[in-house]
file data.tsv (TSV, C-alpha atoms and all ligand atoms)
chain	number	residue	atom	x	y	z
A	266	MET	CA	0.00	0.00	0.00
A	267	SER	CA	1.32	3.41	-0.89
A	268	THR	CA	1.85	6.10	1.71
A	269	TRP	CA	0.94	9.53	0.41
A	270	PRO	CA	2.39	12.77	1.82
A	271	GLN	CA	0.11	14.50	4.32
A	272	TRP	CA	-0.02	17.73	2.35
A	273	LEU	CA	-1.45	16.00	-0.73
A	274	PRO	CA	-5.22	16.46	-0.83
A	275	LEU	CA	-5.85	13.13	-2.57
A	276	ARG	CA	-9.45	11.89	-2.63
A	277	GLU	CA	-9.84	9.54	0.35
A	278	GLU	CA	-11.11	6.56	-1.61
A	279	LEU	CA	-8.02	6.65	-3.86
A	280	ALA	CA	-5.46	6.59	-1.05
A	281	PRO	CA	-5.37	2.79	-0.58
A	282	MET	CA	-5.06	2.16	-4.33
A	283	SER	CA	-1.92	1.51	-6.36
A	284	ALA	CA	-1.47	2.18	-10.07
A	285	TYR	CA	-2.79	-0.64	-12.24
A	286	GLY	CA	-1.02	-2.26	-15.13
A	287	ALA	CA	0.52	-5.47	-16.39
A	288	PRO	CA	4.30	-5.50	-15.88
A	289	GLN	CA	5.99	-4.02	-18.98
A	290	VAL	CA	9.24	-5.96	-18.88
A	291	GLU	CA	11.48	-7.16	-21.69
A	292	ALA	CA	10.98	-10.80	-22.64
A	293	ASP	CA	11.75	-13.05	-25.61
A	294	ALA	CA	8.05	-13.88	-25.81
A	295	SER	CA	5.55	-11.29	-24.51
A	296	LEU	CA	2.34	-13.24	-24.09
A	297	ASN	CA	0.70	-11.21	-21.32
A	298	THR	CA	-1.58	-8.52	-22.75
A	299	ASN	CA	-3.55	-10.29	-25.49
A	300	GLU	CA	-2.22	-8.24	-28.38
A	301	ASN	CA	-2.11	-9.64	-31.90
A	302	PRO	CA	1.54	-10.74	-32.36
A	303	PHE	CA	1.68	-9.80	-36.06
A	304	SER	CA	2.96	-6.34	-37.07
A	305	PRO	CA	1.12	-4.11	-39.54
A	306	SER	CA	2.30	-4.77	-43.11
A	307	PRO	CA	4.74	-2.38	-44.84
A	308	GLU	CA	1.83	-1.31	-47.10
A	309	LEU	CA	-0.28	-0.30	-44.11
A	310	VAL	CA	2.65	1.47	-42.46
A	311	LYS	CA	3.11	3.41	-45.71
A	312	ALA	CA	-0.59	4.28	-45.88
A	313	ILE	CA	-0.53	5.58	-42.30
A	314	ALA	CA	2.59	7.64	-43.02
A	315	ALA	CA	0.94	9.15	-46.11
A	316	ARG	CA	-2.18	10.14	-44.15
A	317	VAL	CA	-0.07	11.65	-41.36
A	318	THR	CA	1.99	13.63	-43.88
A	319	GLU	CA	-1.20	14.88	-45.50
A	320	ILE	CA	-2.56	16.35	-42.24
A	321	GLY	CA	0.84	17.47	-40.92
A	322	SER	CA	0.40	21.02	-42.17
A	323	ARG	CA	-2.98	21.28	-40.41
A	324	LEU	CA	-1.78	20.25	-36.94
A	325	ASN	CA	-2.02	23.90	-35.84
A	326	ARG	CA	-5.81	23.36	-35.92
A	327	TYR	CA	-7.93	21.26	-33.56
A	328	PRO	CA	-9.07	17.92	-34.98
A	329	ASP	CA	-12.59	17.04	-36.12
A	330	ARG	CA	-14.33	16.81	-32.74
A	331	GLU	CA	-16.86	14.37	-34.18
A	332	ALA	CA	-14.26	12.05	-35.80
A	333	THR	CA	-16.67	11.81	-38.72
A	334	GLU	CA	-14.52	9.83	-41.14
A	335	LEU	CA	-13.39	7.34	-38.52
A	336	ARG	CA	-16.86	6.75	-37.07
A	337	THR	CA	-18.28	6.26	-40.57
A	338	SER	CA	-15.56	3.71	-41.35
A	339	LEU	CA	-16.23	1.92	-38.06
A	340	ALA	CA	-19.96	1.74	-38.84
A	341	ASN	CA	-19.18	0.24	-42.26
A	342	TYR	CA	-16.80	-2.26	-40.70
A	343	ILE	CA	-19.43	-3.37	-38.15
A	344	ASN	CA	-22.10	-3.69	-40.84
A	345	SER	CA	-19.81	-5.86	-42.95
A	346	GLN	CA	-19.02	-8.09	-39.96
A	347	SER	CA	-22.45	-8.39	-38.36
A	348	ALA	CA	-24.89	-7.78	-41.26
A	349	THR	CA	-26.37	-4.83	-39.34
A	350	SER	CA	-27.40	-1.43	-40.68
A	351	ILE	CA	-25.98	0.93	-38.08
A	352	ASP	CA	-24.62	4.34	-39.03
A	353	ILE	CA	-22.41	7.06	-37.60
A	354	SER	CA	-25.14	8.09	-35.12
A	355	ASN	CA	-24.70	4.69	-33.41
A	356	VAL	CA	-20.91	4.88	-33.06
A	357	TRP	CA	-18.58	6.66	-30.63
A	358	ALA	CA	-14.77	6.44	-30.74
A	359	ALA	CA	-12.16	7.18	-28.09
A	360	ASN	CA	-8.57	6.54	-26.98
A	361	GLY	CA	-8.97	2.83	-26.32
A	362	SER	CA	-12.04	1.11	-24.96
A	363	ASN	CA	-10.83	1.99	-21.48
A	364	GLU	CA	-11.69	5.62	-22.19
A	365	ILE	CA	-15.08	4.44	-23.45
A	366	ILE	CA	-15.62	2.58	-20.15
A	367	GLN	CA	-14.66	5.70	-18.19
A	368	SER	CA	-17.10	7.82	-20.23
A	369	ILE	CA	-19.89	5.30	-19.58
A	370	PHE	CA	-19.29	5.64	-15.83
A	371	LEU	CA	-19.11	9.43	-16.02
A	372	ALA	CA	-22.40	9.58	-17.90
A	373	PHE	CA	-24.40	6.75	-16.32
A	374	GLY	CA	-22.77	5.78	-13.01
A	375	ARG	CA	-25.82	6.90	-11.06
A	376	LYS	CA	-26.60	4.23	-8.49
A	377	SER	CA	-24.46	1.15	-8.84
A	378	ALA	CA	-22.66	-1.08	-11.31
A	379	LEU	CA	-22.79	-4.89	-11.31
A	380	GLY	CA	-20.28	-7.26	-12.88
A	381	PHE	CA	-19.53	-10.95	-12.55
A	382	THR	CA	-16.01	-11.76	-11.38
A	383	PRO	CA	-13.62	-13.02	-12.52
A	384	SER	CA	-13.91	-10.69	-15.48
A	385	TYR	CA	-12.07	-7.67	-16.86
A	386	SER	CA	-10.58	-5.98	-13.78
A	387	MET	CA	-10.75	-2.49	-15.29
A	388	HIS	CA	-14.56	-2.40	-14.97
A	389	PRO	CA	-14.53	-2.32	-11.13
A	390	LEU	CA	-11.37	-0.23	-11.11
A	391	ILE	CA	-12.83	2.55	-13.26
A	392	ALA	CA	-16.04	2.34	-11.19
A	393	LYS	CA	-13.96	3.06	-8.11
A	394	VAL	CA	-12.05	5.95	-9.66
A	395	THR	CA	-15.29	7.54	-10.86
A	396	ALA	CA	-17.01	6.91	-7.48
A	397	THR	CA	-19.73	4.49	-8.62
A	398	PRO	CA	-20.45	1.72	-6.08
A	399	TRP	CA	-19.46	-1.64	-7.60
A	400	ILE	CA	-21.22	-4.93	-6.86
A	401	ASP	CA	-19.44	-8.26	-7.44
A	402	GLY	CA	-21.97	-10.69	-8.89
A	403	THR	CA	-21.35	-14.42	-8.74
A	404	ARG	CA	-20.42	-17.07	-11.28
A	405	ARG	CA	-20.41	-20.85	-11.07
A	406	LYS	CA	-17.38	-22.53	-9.46
A	407	ASP	CA	-15.95	-23.27	-12.94
A	408	PHE	CA	-16.22	-19.50	-13.76
A	409	THR	CA	-19.02	-19.94	-16.31
A	410	LEU	CA	-21.96	-17.56	-15.97
A	411	ASP	CA	-25.32	-18.96	-14.94
A	412	CYS	CA	-27.54	-16.52	-16.82
A	413	ASP	CA	-30.70	-17.32	-14.86
A	414	ALA	CA	-28.82	-16.53	-11.66
A	415	ALA	CA	-27.35	-13.40	-13.28
A	416	ALA	CA	-30.84	-12.23	-14.30
A	417	SER	CA	-32.11	-12.67	-10.71
A	418	GLN	CA	-29.13	-10.73	-9.39
A	419	ILE	CA	-29.91	-7.89	-11.82
A	420	GLU	CA	-33.59	-7.87	-10.88
A	421	SER	CA	-32.96	-7.83	-7.13
A	422	LEU	CA	-29.95	-5.45	-7.06
A	423	ARG	CA	-31.32	-3.10	-9.76
A	424	PRO	CA	-27.95	-1.69	-10.90
A	425	THR	CA	-27.79	1.26	-13.31
A	426	LEU	CA	-24.99	-0.49	-15.19
A	427	THR	CA	-24.48	-4.22	-15.70
A	428	PHE	CA	-21.18	-5.32	-17.27
A	429	ILE	CA	-20.77	-8.51	-19.28
A	430	THR	CA	-17.52	-9.40	-21.04
A	431	THR	CA	-17.93	-11.90	-23.87
A	432	PRO	CA	-15.71	-13.69	-24.72
A	433	ASN	CA	-14.81	-13.18	-21.09
A	434	ASN	CA	-11.36	-12.08	-19.96
A	435	PRO	CA	-9.57	-13.94	-18.28
A	436	THR	CA	-11.52	-17.17	-18.94
A	437	GLY	CA	-12.09	-16.94	-22.70
A	438	SER	CA	-15.63	-18.33	-22.59
A	439	ALA	CA	-18.43	-16.70	-24.58
A	440	LEU	CA	-22.15	-16.33	-23.90
A	441	LEU	CA	-24.81	-17.25	-26.44
A	442	ILE	CA	-26.70	-14.36	-28.01
A	443	SER	CA	-29.92	-15.81	-26.51
A	444	GLU	CA	-28.37	-15.51	-23.04
A	445	ILE	CA	-27.38	-11.90	-23.67
A	446	GLU	CA	-30.91	-11.18	-24.86
A	447	MET	CA	-32.25	-12.51	-21.57
A	448	LEU	CA	-29.93	-10.18	-19.62
A	449	ALA	CA	-30.95	-7.29	-21.90
A	450	ARG	CA	-34.54	-7.89	-20.87
A	451	SER	CA	-33.67	-7.98	-17.14
A	452	THR	CA	-31.63	-4.79	-17.30
A	453	GLN	CA	-34.40	-3.10	-19.28
A	454	LEU	CA	-36.88	-4.15	-16.60
A	455	VAL	CA	-34.89	-2.36	-13.89
A	456	GLY	CA	-34.19	0.74	-16.00
A	457	GLY	CA	-30.49	-0.02	-16.42
A	458	LEU	CA	-28.01	-0.37	-19.24
A	459	LEU	CA	-26.40	-3.67	-20.25
A	460	VAL	CA	-22.80	-2.97	-21.23
A	461	ILE	CA	-21.29	-5.77	-23.32
A	462	ASP	CA	-17.51	-5.62	-23.58
A	463	GLU	CA	-16.71	-7.40	-26.85
A	464	ALA	CA	-12.96	-6.74	-26.93
A	465	TYR	CA	-12.39	-10.26	-28.36
A	466	ALA	CA	-15.48	-10.52	-30.61
A	467	GLU	CA	-13.49	-11.22	-33.78
A	468	PHE	CA	-12.09	-14.43	-32.25
A	469	SER	CA	-15.54	-15.81	-31.48
A	470	SER	CA	-18.13	-17.27	-33.86
A	471	GLU	CA	-21.04	-16.17	-31.66
A	472	LYS	CA	-23.30	-13.37	-32.95
A	473	SER	CA	-22.40	-9.88	-31.70
A	474	ALA	CA	-24.68	-8.11	-29.20
A	475	ILE	CA	-24.70	-5.23	-31.70
A	476	THR	CA	-27.51	-7.17	-33.41
A	477	LEU	CA	-29.68	-6.57	-30.29
A	478	ILE	CA	-29.45	-2.78	-30.19
A	479	GLU	CA	-32.43	-2.16	-32.45
A	480	LYS	CA	-34.69	-4.25	-30.21
A	481	PHE	CA	-33.05	-3.21	-26.89
A	482	PRO	CA	-31.97	0.45	-26.85
A	483	ASN	CA	-30.45	-0.17	-23.40
A	484	VAL	CA	-27.74	-2.46	-24.86
A	485	VAL	CA	-24.34	-0.79	-25.20
A	486	VAL	CA	-21.51	-2.63	-26.94
A	487	ILE	CA	-17.82	-1.82	-26.46
A	488	ARG	CA	-15.27	-2.85	-29.08
A	489	THR	CA	-11.58	-2.18	-29.58
A	490	MET	CA	-8.94	-2.13	-32.31
A	491	SER	CA	-6.34	-3.29	-29.74
A	492	LYS	CA	-6.78	-7.06	-29.94
A	493	ALA	CA	-7.78	-8.94	-33.13
A	494	PHE	CA	-7.28	-5.76	-35.14
A	495	ALA	CA	-3.57	-5.59	-34.28
A	496	PHE	CA	-3.62	-1.86	-33.48
A	497	ALA	CA	-3.07	-1.62	-29.70
A	498	GLY	CA	-0.36	1.03	-30.00
A	499	ALA	CA	-2.71	3.52	-31.65
A	500	ARG	CA	-5.25	3.42	-28.77
A	501	VAL	CA	-8.60	3.21	-30.50
A	502	GLY	CA	-11.73	1.82	-28.88
A	503	TYR	CA	-15.33	2.37	-29.85
A	504	LEU	CA	-18.87	1.96	-28.67
A	505	VAL	CA	-21.95	0.94	-30.63
A	506	ALA	CA	-25.32	1.91	-29.18
A	507	HIS	CA	-28.57	3.82	-29.55
A	508	PRO	CA	-27.99	7.45	-30.70
A	509	SER	CA	-29.08	8.77	-27.27
A	510	VAL	CA	-26.16	6.93	-25.66
A	511	ILE	CA	-23.83	8.56	-28.19
A	512	ASP	CA	-25.31	11.98	-27.32
A	513	ALA	CA	-24.54	11.31	-23.64
A	514	MET	CA	-20.92	10.52	-24.57
A	515	ARG	CA	-20.66	14.04	-26.02
A	516	LEU	CA	-21.51	15.47	-22.59
A	517	VAL	CA	-18.62	13.77	-20.79
A	518	ARG	CA	-15.85	13.59	-23.41
A	519	LEU	CA	-12.98	16.01	-23.17
A	520	PRO	CA	-12.92	18.61	-25.93
A	521	TYR	CA	-11.17	17.26	-29.06
A	522	HIS	CA	-10.40	14.03	-27.20
A	523	LEU	CA	-9.29	12.05	-30.25
A	524	SER	CA	-6.17	13.49	-31.91
A	525	ALA	CA	-6.03	14.07	-35.65
A	526	LEU	CA	-3.10	11.62	-35.79
A	527	THR	CA	-5.15	8.87	-34.15
A	528	GLN	CA	-8.12	9.55	-36.40
A	529	VAL	CA	-6.20	9.26	-39.68
A	530	ALA	CA	-4.14	6.27	-38.53
A	531	ALA	CA	-7.26	4.36	-37.52
A	532	SER	CA	-9.10	5.32	-40.71
A	533	ALA	CA	-6.15	4.06	-42.75
A	534	ALA	CA	-6.07	0.81	-40.76
A	535	LEU	CA	-9.78	0.19	-41.37
A	536	GLU	CA	-9.10	0.25	-45.10
A	537	PHE	CA	-6.79	-2.72	-44.44
A	538	SER	CA	-9.25	-4.58	-42.22
A	539	ASP	CA	-9.20	-7.76	-44.36
A	540	GLU	CA	-5.44	-7.86	-44.11
A	541	LEU	CA	-5.39	-7.09	-40.37
A	542	LEU	CA	-7.97	-9.75	-39.62
A	543	ALA	CA	-6.30	-12.33	-41.87
A	544	THR	CA	-4.25	-13.52	-38.89
A	545	VAL	CA	-7.33	-14.25	-36.77
A	546	GLN	CA	-8.09	-17.70	-38.23
A	547	GLY	CA	-4.46	-18.72	-37.77
A	548	LEU	CA	-4.47	-17.53	-34.16
A	549	ILE	CA	-7.65	-19.54	-33.49
A	550	ALA	CA	-5.99	-22.67	-34.94
A	551	ALA	CA	-2.86	-22.02	-32.85
A	552	ARG	CA	-5.05	-21.57	-29.75
A	553	GLU	CA	-6.61	-25.01	-30.28
A	554	ASP	CA	-3.17	-26.60	-30.84
A	555	LEU	CA	-1.75	-24.97	-27.73
A	556	ALA	CA	-4.79	-26.02	-25.66
A	557	SER	CA	-4.28	-29.69	-26.63
A	558	GLU	CA	-0.54	-29.48	-25.92
A	559	LEU	CA	-1.19	-28.05	-22.45
A	560	SER	CA	-3.83	-30.70	-21.74
A	561	ALA	CA	-1.34	-33.37	-22.82
A	562	LEU	CA	1.01	-32.03	-20.14
A	563	GLY	CA	-1.68	-32.74	-17.55
A	564	LEU	CA	-2.85	-29.15	-17.20
A	565	GLU	CA	-6.49	-28.10	-17.17
A	566	VAL	CA	-7.36	-25.60	-19.87
A	567	ILE	CA	-10.63	-23.65	-19.99
A	568	PRO	CA	-12.11	-23.82	-23.53
A	569	SER	CA	-11.53	-20.39	-25.11
A	570	CYS	CA	-13.30	-18.34	-27.81
A	571	SER	CA	-10.57	-15.71	-27.60
A	572	ASN	CA	-6.84	-15.28	-28.26
A	573	PHE	CA	-5.70	-16.48	-24.85
A	574	LEU	CA	-5.97	-19.51	-22.59
A	575	LEU	CA	-6.55	-19.68	-18.84
A	576	PHE	CA	-5.04	-22.85	-17.41
A	577	SER	CA	-4.39	-24.50	-14.04
A	578	GLY	CA	-3.18	-27.75	-12.48
A	579	PHE	CA	0.24	-26.72	-11.11
A	580	LYS	CA	1.85	-28.61	-8.27
A	581	ARG	CA	3.06	-25.37	-6.68
A	582	ALA	CA	2.05	-21.71	-6.38
A	583	SER	CA	1.03	-20.22	-9.73
A	584	ALA	CA	3.03	-17.07	-8.92
A	585	ASP	CA	6.21	-19.19	-8.74
A	586	VAL	CA	5.43	-20.85	-12.08
A	587	TRP	CA	4.91	-17.36	-13.56
A	588	LYS	CA	8.29	-16.19	-12.22
A	589	ASP	CA	10.13	-19.29	-13.50
A	590	LEU	CA	8.65	-18.75	-16.96
A	591	LEU	CA	9.81	-15.14	-16.92
A	592	ASP	CA	13.32	-16.29	-15.97
A	593	LYS	CA	13.21	-18.33	-19.19
A	594	GLY	CA	12.22	-15.25	-21.20
A	595	VAL	CA	8.52	-15.99	-21.42
A	596	LEU	CA	6.16	-13.36	-20.00
A	597	ILE	CA	2.59	-14.51	-19.40
A	598	ARG	CA	-0.10	-13.12	-17.06
A	599	ASP	CA	-0.81	-13.79	-13.43
A	600	VAL	CA	-4.37	-12.50	-13.33
A	601	GLY	CA	-4.58	-12.73	-9.54
A	602	LEU	CA	-6.53	-16.01	-9.47
A	603	GLU	CA	-4.54	-18.40	-7.30
A	604	GLY	CA	-3.79	-21.61	-9.19
A	605	TYR	CA	-4.38	-20.10	-12.64
A	606	LEU	CA	-2.25	-18.39	-15.29
A	607	ARG	CA	-3.24	-16.82	-18.61
A	608	VAL	CA	-1.23	-17.02	-21.80
A	609	THR	CA	-1.85	-14.98	-24.97
A	610	ILE	CA	-1.55	-16.83	-28.29
A	611	GLY	CA	1.60	-15.53	-29.97
A	612	ASN	CA	3.28	-16.25	-33.28
A	613	GLY	CA	4.63	-19.72	-34.04
A	614	ALA	CA	8.05	-19.14	-32.50
A	615	GLU	CA	6.60	-17.56	-29.34
A	616	ASN	CA	4.12	-20.38	-28.81
A	617	LYS	CA	6.92	-22.94	-29.22
A	618	LYS	CA	9.12	-21.04	-26.75
A	619	PHE	CA	6.27	-20.93	-24.24
A	620	LEU	CA	5.58	-24.67	-24.59
A	621	MET	CA	9.23	-25.59	-24.14
A	622	ALA	CA	9.51	-23.32	-21.11
A	623	ILE	CA	6.34	-24.58	-19.43
A	624	LYS	CA	7.48	-28.21	-19.90
A	625	GLU	CA	10.74	-27.42	-18.13
A	626	VAL	CA	9.07	-25.40	-15.40
A	627	LEU	CA	6.46	-28.10	-14.65
A	628	ASN	CA	9.21	-30.69	-14.24
A	629	LYS	CA	11.14	-28.52	-11.83
B	701	LIG	C1	-7.84	-5.60	-23.56
B	701	LIG	C2	-9.23	-5.32	-23.14
B	701	LIG	C3	-9.76	-4.05	-23.31
B	701	LIG	C4	-8.80	-2.96	-23.68
B	701	LIG	O1	-9.01	-2.16	-24.50
B	701	LIG	P1	-8.27	-0.88	-25.06
B	701	LIG	O2	-9.16	-0.62	-26.22
B	701	LIG	O3	-6.90	-1.27	-25.44
B	701	LIG	O4	-8.36	0.17	-24.02
B	701	LIG	C5	-11.08	-3.82	-23.01
B	701	LIG	N1	-11.85	-4.82	-22.53
B	701	LIG	C6	-11.37	-6.06	-22.33
B	701	LIG	C7	-12.25	-7.12	-21.82
B	701	LIG	C8	-10.05	-6.34	-22.63
B	701	LIG	O5	-9.54	-7.55	-22.39
call {"tool": "encode", "arguments": {"input": "data.tsv", "output": "structure tokens"}}
result
Amino acid sequence: MSTWPQWLPLREELAPMSAYGAPQVEADASLNTNENPFSPSPELVKAIAARVTEIGSRLNRYPDREATELRTSLANYINSQSATSIDISNVWAANGSNEIIQSIFLAFGRKSALGFTPSYSMHPLIAKVTATPWIDGTRRKDFTLDCDAAASQIESLRPTLTFITTPNNPTGSALLISEIEMLARSTQLVGGLLVIDEAYAEFSSEKSAITLIEKFPNVVVIRTMSKAFAFAGARVGYLVAHPSVIDAMRLVRLPYHLSALTQVAASAALEFSDELLATVQGLIAAREDLASELSALGLEVIPSCSNFLLFSGFKRASADVWKDLLDKGVLIRDVGLEGYLRVTIGNGAENKKFLMAIKEVLNK
């Protein structure tokens, strides 16, 4: 726990907190933050450079506050992926989906927020920072979500915001669209929003919750370019929802929040979406291979619809296994669940390095 100087008028509820973040340490294989391991192609890099050069002489001016080109491109991308007919009025973009989550709390964090742990730890963390009471809902012992139980929790607790991550992080399991529809109905019944974090949607074959927005205006879907889209460094996340939700985002965003550089880089990347997503099928195949290899070593692997695997079955503390892997140059994630570790699917060489290292570490 950090000790703050007496003279510092820090908000009381922040004092016991420490700064969040996965360790950013050098490793031969960095398999800890679920990025796509494949770099943008030289053609895309060139396209981004050309767009940046083009706007360079206008950087004395503020950017388009409405990010019109980018939001239009995002709407087209969603429609091509999900056979929907959304438009720019349904889309908001920001510096990573974490900023989107923060804006949701700033706009709608009225009474309380409910989520089902273990899930993405930034949801409760941003709730805390924005002073919205957070309620930890329950899952089954195997971490799957019992949607009937979740619906009853929503109806009795009546939260303003209910968070669902699908595919879930850190488990990788996805909900069926019929289950999400049931939760949409429950949240609608209590006058709340259902926030679906679909950071890993492109790795899953389940229908996106974006298809529910027309029927349920209280459904809000968060997406990101950081994972499947191989664009984490640019920091672009987006939200798809009813136009009234987008209007509320305008109330809480900072002026000109999305830089002109980010806007043109992301617009250029969306023109290469086929190319950027071409690696997704290969990563899914590698995920299945790696899952069987880990099972063959006697480990238990949770079936994943994402680009990572959560596994357990160690004969000693998972934190020690994590450290031994790092000593061998392989950085994976200790997500704070005793007995479990999470590994991101990397490129062929990284996956091989991880497998060799885990074999050695298990035999230690
Ligand atoms: C990685 C991740 C994000 C992060 O998104 P950014 O767009 O990079 O801010 C959001 N939600 C979940 C569930 C994630 O795992």
call {"tool": "residues_near_ligand", "arguments": {"input": "data.tsv", "ligand": "ligand LIG 701 (chain B)", "cutoff": "10 Å", "atoms": "only C-alpha atoms and all ligand atoms", "output": "PyMOL selection string"}}
result
chain A and resi 298-300+359-366+384-388+429-435+437+461-466+487-492+496-503+571
call {"tool": "write_last_selection", "arguments": {"input": "data.tsv", "atoms": "C-alpha atoms", "output": "mmCIF file, in the frame of the given file"}}
result
data_model
loop_
_atom_site.group_PDB
_atom_site.id
_atom_site.type_symbol
_atom_site.label_atom_id
_atom_site.label_comp_id
_atom_site.auth_asym_id
_atom_site.auth_seq_id
_atom_site.Cartn_x
_atom_site.Cartn_y
_atom_site.Cartn_z
ATOM 1 C CA THR A 298 -1.580 -8.520 -22.750
ATOM 2 C CA ASN A 299 -3.550 -10.290 -25.490
ATOM 3 C CA GLU A 300 -2.220 -8.240 -28.380
ATOM 4 C CA ALA A 359 -12.160 7.180 -28.090
ATOM 5 C CA ASN A 360 -8.570 6.540 -26.980
ATOM 6 C CA GLY A 361 -8.970 2.830 -26.320
ATOM 7 C CA SER A 362 -12.040 1.110 -24.960
ATOM 8 C CA ASN A 363 -10.830 1.990 -21.480
ATOM 9 C CA GLU A 364 -11.690 5.620 -22.190
ATOM 10 C CA ILE A 365 -15.080 4.440 -23.450
ATOM 11 C CA ILE A 366 -15.620 2.580 -20.150
ATOM 12 C CA SER A 384 -13.910 -10.690 -15.480
ATOM 13 C CA TYR A 385 -12.070 -7.670 -16.860
ATOM 14 C CA SER A 386 -10.580 -5.980 -13.780
ATOM 15 C CA MET A 387 -10.750 -2.490 -15.290
ATOM 16 C CA HIS A 388 -14.560 -2.400 -14.970
ATOM 17 C CA ILE A 429 -20.770 -8.510 -19.280
ATOM 18 C CA THR A 430 -17.520 -9.400 -21.040
ATOM 19 C CA THR A 431 -17.930 -11.900 -23.870
ATOM 20 C CA PRO A 432 -15.710 -13.690 -24.720
ATOM 21 C CA ASN A 433 -14.810 -13.180 -21.090
ATOM 22 C CA ASN A 434 -11.360 -12.080 -19.960
ATOM 23 C CA PRO A 435 -9.570 -13.940 -18.280
ATOM 24 C CA GLY A 437 -12.090 -16.940 -22.700
ATOM 25 C CA ILE A 461 -21.290 -5.770 -23.320
ATOM 26 C CA ASP A 462 -17.510 -5.620 -23.580
ATOM 27 C CA GLU A 463 -16.710 -7.400 -26.850
ATOM 28 C CA ALA A 464 -12.960 -6.740 -26.930
ATOM 29 C CA TYR A 465 -12.390 -10.260 -28.360
ATOM 30 C CA ALA A 466 -15.480 -10.520 -30.610
ATOM 31 C CA ILE A 487 -17.820 -1.820 -26.460
ATOM 32 C CA ARG A 488 -15.270 -2.850 -29.080
ATOM 33 C CA THR A 489 -11.580 -2.180 -29.580
ATOM 34 C CA MET A 490 -8.940 -2.130 -32.310
ATOM 35 C CA SER A 491 -6.340 -3.290 -29.740
ATOM 36 C CA LYS A 492 -6.780 -7.060 -29.940
ATOM 37 C CA PHE A 496 -3.620 -1.860 -33.480
ATOM 38 C CA ALA A 497 -3.070 -1.620 -29.700
ATOM 39 C CA GLY A 498 -0.360 1.030 -30.000
ATOM 40 C CA ALA A 499 -2.710 3.520 -31.650
ATOM 41 C CA ARG A 500 -5.250 3.420 -28.770
ATOM 42 C CA VAL A 501 -8.600 3.210 -30.500
ATOM 43 C CA GLY A 502 -11.730 1.820 -28.880
ATOM 44 C CA TYR A 503 -15.330 2.370 -29.850
ATOM 45 C CA SER A 571 -10.570 -15.710 -27.600
#
call {"tool": "atom_distance", "arguments": {"input": "data.tsv", "atom1": "CA of Glu291 in chain A", "atom2": "CA of Leu574 in chain A"}}
result
21.4 Å
call {"tool": "closest_residue", "arguments": {"input": "data.tsv", "among": "A:Ala396, A:Ile478, A:Ala315, A:Leu555", "to": "Asn355 in chain A", "atoms": "all atoms listed in the file"}}
result
A:Ile478
call {"tool": "axis_aligned_box", "arguments": {"input": "data.tsv", "around": "range 578-586 of chain A", "padding_each_side": "8 Å", "output": "AutoDock Vina command-line options"}}
result
--center_x 1.5 --center_y -22.8 --center_z -9.4 --size_x 25.4 --size_y 27.5 --size_z 22.1
call {"tool": "residues_around", "arguments": {"input": "data.tsv", "residues": "range 608-615 of chain A", "least_positions_apart": "3", "cutoff": "6 Å", "atoms": "only C-alpha atoms", "output": "list in words"}}
result
Ala294, Leu296, Asn297, Asn299, Pro302, Asn572, Phe573, Leu574, Ile597 and Lys618 of chain A
call {"tool": "closest_residue", "arguments": {"input": "data.tsv", "among": "A:Val310, A:Ala439, A:Ser560, A:Met514", "to": "Ser470 in chain A", "atoms": "all atoms listed in the file"}}
result
A:Ala439
call {"tool": "atom_distance", "arguments": {"input": "data.tsv", "atom1": "CA of Ala561 in chain A", "atom2": "CA of Gly578 in chain A"}}
result
11.9 Å
call {"tool": "residues_around", "arguments": {"input": "data.tsv", "residues": "Leu602 in chain A", "least_positions_apart": "5", "cutoff": "10 Å", "atoms": "all atoms listed in the file", "output": "list in words"}}
result
Pro383, Pro435, Ser577, Ser583, Ala584 and Arg607 of chain A
call {"tool": "atom_distance", "arguments": {"input": "data.tsv", "atom1": "CA of Tyr327 in chain A", "atom2": "CA of Val529 in chain A"}}
result
13.6 Å
call {"tool": "residues_around", "arguments": {"input": "data.tsv", "residues": "Leu526 in chain A", "least_positions_apart": "2", "cutoff": "9 Å", "atoms": "only C-alpha atoms", "output": "list in words"}}
result
Arg316, Val317, Ile320, Gly321, Leu324, Pro328, Leu523, Ser524, Gln528, Val529, Ala530 and Ala531 of chain A
call {"tool": "closest_residue", "arguments": {"input": "data.tsv", "among": "A:Val484, A:Met447, A:Cys570, A:Ile400", "to": "Phe381 in chain A", "atoms": "all atoms listed in the file"}}
result
A:Ile400
call {"tool": "closest_residue", "arguments": {"input": "data.tsv", "among": "A:Pro424, A:Ser443, A:Leu542, A:Trp272", "to": "Lys376 in chain A", "atoms": "only C-alpha atoms"}}
result
A:Pro424
